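Shown next, in structure tokens, is the structure this report addresses.
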Amino acid sequence: MALPGSLRRQPANRGLVSHCTHHHIVVFLLTFFSYSLLHASRKTFSNVKVSISSQWTPSCLNSTAPELRPYELWNSSHLFPNAEEATLFLGTLDTIFLFSYAVGLFVSGIVGDRLNLRWVLSFGMCSSALVVFFFGTLTEWLHFYNKWFYCCLWVVNGLLQSTGWPCVVAVMGNWFGKAGRGFVFGLWSACASVGNILGAFLASCVLRYGYEYAFLVTASVQFAGGVVVFFGLLTSPKEVGLPELGADEDDGVEEDANRPLMDDDDADDDDRNYSIQATDTDSQPKAIGFFQACCLPGVVLYSLAYACLKLVNYSFFFWLPFYLSNNFGWKEAEADQLSIWYDVGGIIGGTIQGLISDVLQKRAPVLAISLLFAVGSLFGYSRSPNSKPINAVIMAITGFFIGGPSNMISSAISADLGRQDLVRGSSEALATVTGIVDGTGSIGAAVGQYLVSLIQENLGWMWVFYFFILMTSSTILFISPLIVREVKLLLHERRLRMLAE
């Protein structure tokens, strides 16, 4: 008994290997390091906050200053009278950046689907590098300190940095089809963690010369990366004469291997031929609208789920070193080094879980199981003893079950959503859908940073972890309809295979 084409399970990596060329490798590396450089500049700002705070409030570091010149004159050219107010303003800049970044993601996705992705990505990288240079280097060289100027620059930086993720995911989605997408995107989504490590390394190398040189180095490297992207990135296979994904209609097996996971197996043939885009004779299909993208199956549910999950993931990114120092009394440098294990767990989790989802050809059940284990790991980590090795192990496990699903939703699943049947044969939904998913997630992350500080100040760290457990459980709740549907499909496929044997 022959199985339907949609139920014939292909080896996860066979189609991937057979279609992989040196162009695929170059695209993988260029998109990987372009987003790593964008993340490196964000990490640089986090790494030099102490130095910036000291520069903005020099009187606290110079006890002889009131004796050498009038106190009012010495403080007139600086922003804050004490380090507490400077730290509060730095936190405000984080919130400003996250909100502008979230808004920018919605816009950048739409722009990326209507303009050349290479142009948009290169413009975002180079322009953001210039803003970072103005913010951290030029203002210090000119001794120009102004709160409103800093806020405006960081709003612009958030908008420019938002061009990165929708564009790189769209380019990767153009080159890598369903076969092996979970594994490839799981490995590729480590770019953010690599960027964090790279930013910390670049900043530490030159920080002794002044924090302005940390911004100078990262901005220069990012600008150079934008130039390389402009001249070297291929946004789709057709630019070098290769067939686009899904264009191989003559080979039924290969067509099935490249079909996105988000197709509706219950739909009939007439429904599969329907396209959300208007049919015309142009060879270049039109990009879909924002509200049309929101109406695509799974987009809203995954966006809301990612808002809850990114809140937890980014809270670990921003607060983990502070929590280790505050709760256990460990030195700041030791806490920074130990927090890397969370990123390590996320890298491994995204890769392994992506590979498993390739084998099953379903994403939601893998996410559900991982998030259920994440609830247990969060509860266990909240009771971690004052032991660095034990803390590092539980931290890596927590990163595995939280960072892994976060990477999958923001990369592989976003690509699946943007290449489902309703927009099949076109890439002009990829960037828009990615912007919607990641933009909604960034709004959740921005709100979460305020809520975490509020809960910690009034109730303590244990209630912060209870809040994380609630948000992780809400993630499962939002995708529960998709979990039920995909589990039913898995059981249905199993019954058909048993009948075929």
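Each chain of the structure tokens is named A, B, ... in the order shown, its residues numbered from 1; ligands are numbered from 1 in display order.
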
Would you mind listing what lies within 9 Å of Val107 of chain A as a ChimeraX atom specification, with only C-alpha atoms counted and same-chain residues fewer than 5 positions away left out?
/A:112,159,162-163,432,435-436

Selected residue of minimal separation from Val312 of chain A among A:Phe99, A:Trp141, A:Phe468, A:Phe176, counting only C-alpha atoms:
A:Phe468

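Here atom CA of Gly349 of chain A is placed at a distance of 20.5 Å from atom CA of Thr31 of chain A.
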
List the spatial neighbours of Phe123 of chain A as number ranges by chain - criterion: any atom at most 9 Å away, only C-alpha atoms, same-chain residues fewer than 4 positions off excluded.
A: 118-119, 127-128, 160, 163, 226-227, 230

If you count only C-alpha atoms, which residues fall within 8 Å of segment 390-392 of chain A, apart from same-chain ones fewer than 6 positions away, as a ChimeraX atom specification?
/A:338-339,341-342,381,384

Output all heavy atoms of each residue in that selection to a file, as a short mmCIF file (atom, residue, chain, number, x, y, z; two decimals), in the first residue's frame.
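Written file, result.cif:
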data_model
loop_
_atom_site.label_atom_id
_atom_site.label_comp_id
_atom_site.auth_asym_id
_atom_site.auth_seq_id
_atom_site.Cartn_x
_atom_site.Cartn_y
_atom_site.Cartn_z
N LEU A 338 30.42 32.91 34.23
CA LEU A 338 29.53 31.79 34.50
C LEU A 338 28.26 31.87 33.67
O LEU A 338 27.70 30.84 33.25
CB LEU A 338 29.18 31.75 35.99
CG LEU A 338 28.57 30.44 36.52
CD1 LEU A 338 29.59 29.31 36.43
CD2 LEU A 338 28.12 30.62 37.96
N SER A 339 27.79 33.08 33.39
CA SER A 339 26.53 33.25 32.66
C SER A 339 26.62 32.75 31.22
O SER A 339 25.59 32.56 30.56
CB SER A 339 26.10 34.71 32.67
OG SER A 339 27.04 35.52 31.97
N TRP A 341 27.32 29.88 30.27
CA TRP A 341 26.78 28.53 30.18
C TRP A 341 25.32 28.51 29.77
O TRP A 341 24.84 27.53 29.19
CB TRP A 341 26.98 27.80 31.51
CG TRP A 341 28.41 27.42 31.73
CD1 TRP A 341 29.31 28.02 32.54
CD2 TRP A 341 29.11 26.34 31.09
NE1 TRP A 341 30.53 27.40 32.45
CE2 TRP A 341 30.44 26.36 31.57
CE3 TRP A 341 28.75 25.38 30.16
CZ2 TRP A 341 31.39 25.45 31.15
CZ3 TRP A 341 29.70 24.46 29.73
CH2 TRP A 341 31.01 24.50 30.24
N TYR A 342 24.59 29.57 30.04
CA TYR A 342 23.20 29.65 29.58
C TYR A 342 23.16 29.70 28.05
O TYR A 342 22.35 29.01 27.42
CB TYR A 342 22.51 30.87 30.18
CG TYR A 342 21.07 31.02 29.76
CD1 TYR A 342 20.07 30.32 30.41
CD2 TYR A 342 20.71 31.84 28.69
CE1 TYR A 342 18.74 30.43 30.02
CE2 TYR A 342 19.39 31.96 28.30
CZ TYR A 342 18.42 31.26 28.98
OH TYR A 342 17.10 31.37 28.58
N TYR A 381 16.48 25.56 39.17
CA TYR A 381 17.53 26.59 39.20
C TYR A 381 17.25 27.64 40.27
O TYR A 381 18.20 28.21 40.84
CB TYR A 381 17.64 27.26 37.83
CG TYR A 381 18.82 28.20 37.74
CD1 TYR A 381 20.12 27.71 37.74
CD2 TYR A 381 18.64 29.58 37.66
CE1 TYR A 381 21.21 28.56 37.67
CE2 TYR A 381 19.71 30.44 37.58
CZ TYR A 381 20.99 29.93 37.59
OH TYR A 381 22.07 30.77 37.53
N SER A 384 19.02 26.54 43.30
CA SER A 384 20.41 26.12 43.12
C SER A 384 21.26 26.50 44.32
O SER A 384 21.15 27.62 44.85
CB SER A 384 20.99 26.77 41.86
OG SER A 384 22.36 26.47 41.73
#

One number please: atom CA of Ile52 of chain A to atom CA of Leu311 of chain A, in Å, one decimal.
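Separating atom CA of Ile52 of chain A from atom CA of Leu311 of chain A is a distance of 26.3 Å.
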
Using only C-alpha atoms, determine which residues lie at most 6 Å from Gly345 of chain A, disregarding the query and same-chain residues fewer than 2 positions distant; provide the list as a PyMOL selection string.
chain A and resi 342-343+347-349+396+399-400

Dump N, CA and C atoms for the selected residues as an mmCIF file, in the first residue's frame?
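File selection03.cif, as written:
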data_model
loop_
_atom_site.group_PDB
_atom_site.id
_atom_site.type_symbol
_atom_site.label_atom_id
_atom_site.label_comp_id
_atom_site.auth_asym_id
_atom_site.auth_seq_id
_atom_site.Cartn_x
_atom_site.Cartn_y
_atom_site.Cartn_z
ATOM 1 N N TYR A 342 24.588 29.572 30.043
ATOM 2 C CA TYR A 342 23.203 29.650 29.580
ATOM 3 C C TYR A 342 23.156 29.699 28.050
ATOM 4 N N ASP A 343 24.041 30.501 27.438
ATOM 5 C CA ASP A 343 24.122 30.572 25.985
ATOM 6 C C ASP A 343 24.568 29.244 25.389
ATOM 7 N N ILE A 347 22.518 27.081 22.560
ATOM 8 C CA ILE A 347 23.070 26.669 21.267
ATOM 9 C C ILE A 347 22.847 25.175 21.046
ATOM 10 N N ILE A 348 23.191 24.372 22.055
ATOM 11 C CA ILE A 348 23.031 22.919 21.941
ATOM 12 C C ILE A 348 21.550 22.550 21.825
ATOM 13 N N GLY A 349 20.714 23.206 22.627
ATOM 14 C CA GLY A 349 19.287 22.909 22.604
ATOM 15 C C GLY A 349 18.648 23.223 21.266
ATOM 16 N N ALA A 396 23.036 25.566 32.330
ATOM 17 C CA ALA A 396 23.122 25.059 30.961
ATOM 18 C C ALA A 396 21.877 24.256 30.596
ATOM 19 N N GLY A 399 19.150 26.725 29.950
ATOM 20 C CA GLY A 399 19.347 27.308 28.627
ATOM 21 C C GLY A 399 18.973 26.362 27.511
ATOM 22 N N PHE A 400 19.232 25.065 27.711
ATOM 23 C CA PHE A 400 18.881 24.052 26.714
ATOM 24 C C PHE A 400 17.383 24.025 26.459
#

Near Leu378 of chain A, counting only C-alpha atoms, which residues have an atom at most 9 Å away, once you skip same-chain residues fewer than 5 positions from it, shown as an MDAnalysis selection string?
chainID A and resid 373 383 394:395 398 465:466 468:469

Which residues of segment 78-171 of chain A have any atom within 7 Å of an atom in segment 438-455 of chain A when counting only C-alpha atoms, and what is the closest pair of atoms for each, with the distance in Å to one decimal? Order the rows by chain and rising number and write it as a tab-separated table.
residue	atom	partner	partner_atom	distance
A:Thr95	CA	A:Ala446	CA	5.9
A:Leu98	CA	A:Ala446	CA	5.4
A:Phe99	CA	A:Ala446	CA	6.1
A:Ala102	CA	A:Gly439	CA	4.4
A:Val103	CA	A:Gly439	CA	6.5
A:Leu105	CA	A:Gly439	CA	5.0
A:Phe106	CA	A:Gly439	CA	5.8

Write out as an NGL selection string which residues come within 9 Å of Val433 of chain A when counting only C-alpha atoms, dropping same-chain ones fewer than 5 positions away.
:A and (106 or 109-110 or 166 or 290 or 293-294 or 296 or 299 or 414-415 or 417-418 or 438)

Please, what distance in Å, to one decimal, runs between atom CA of Gln337 of chain A and atom CA of Phe379 of chain A?
22.7 Å

From A:Val26, A:Val375, A:Leu130, A:Val171, residue lying nearest Asn116 of chain A [only C-alpha atoms]:
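Answer, going by the shortest atom-to-atom distance: A:Val171.
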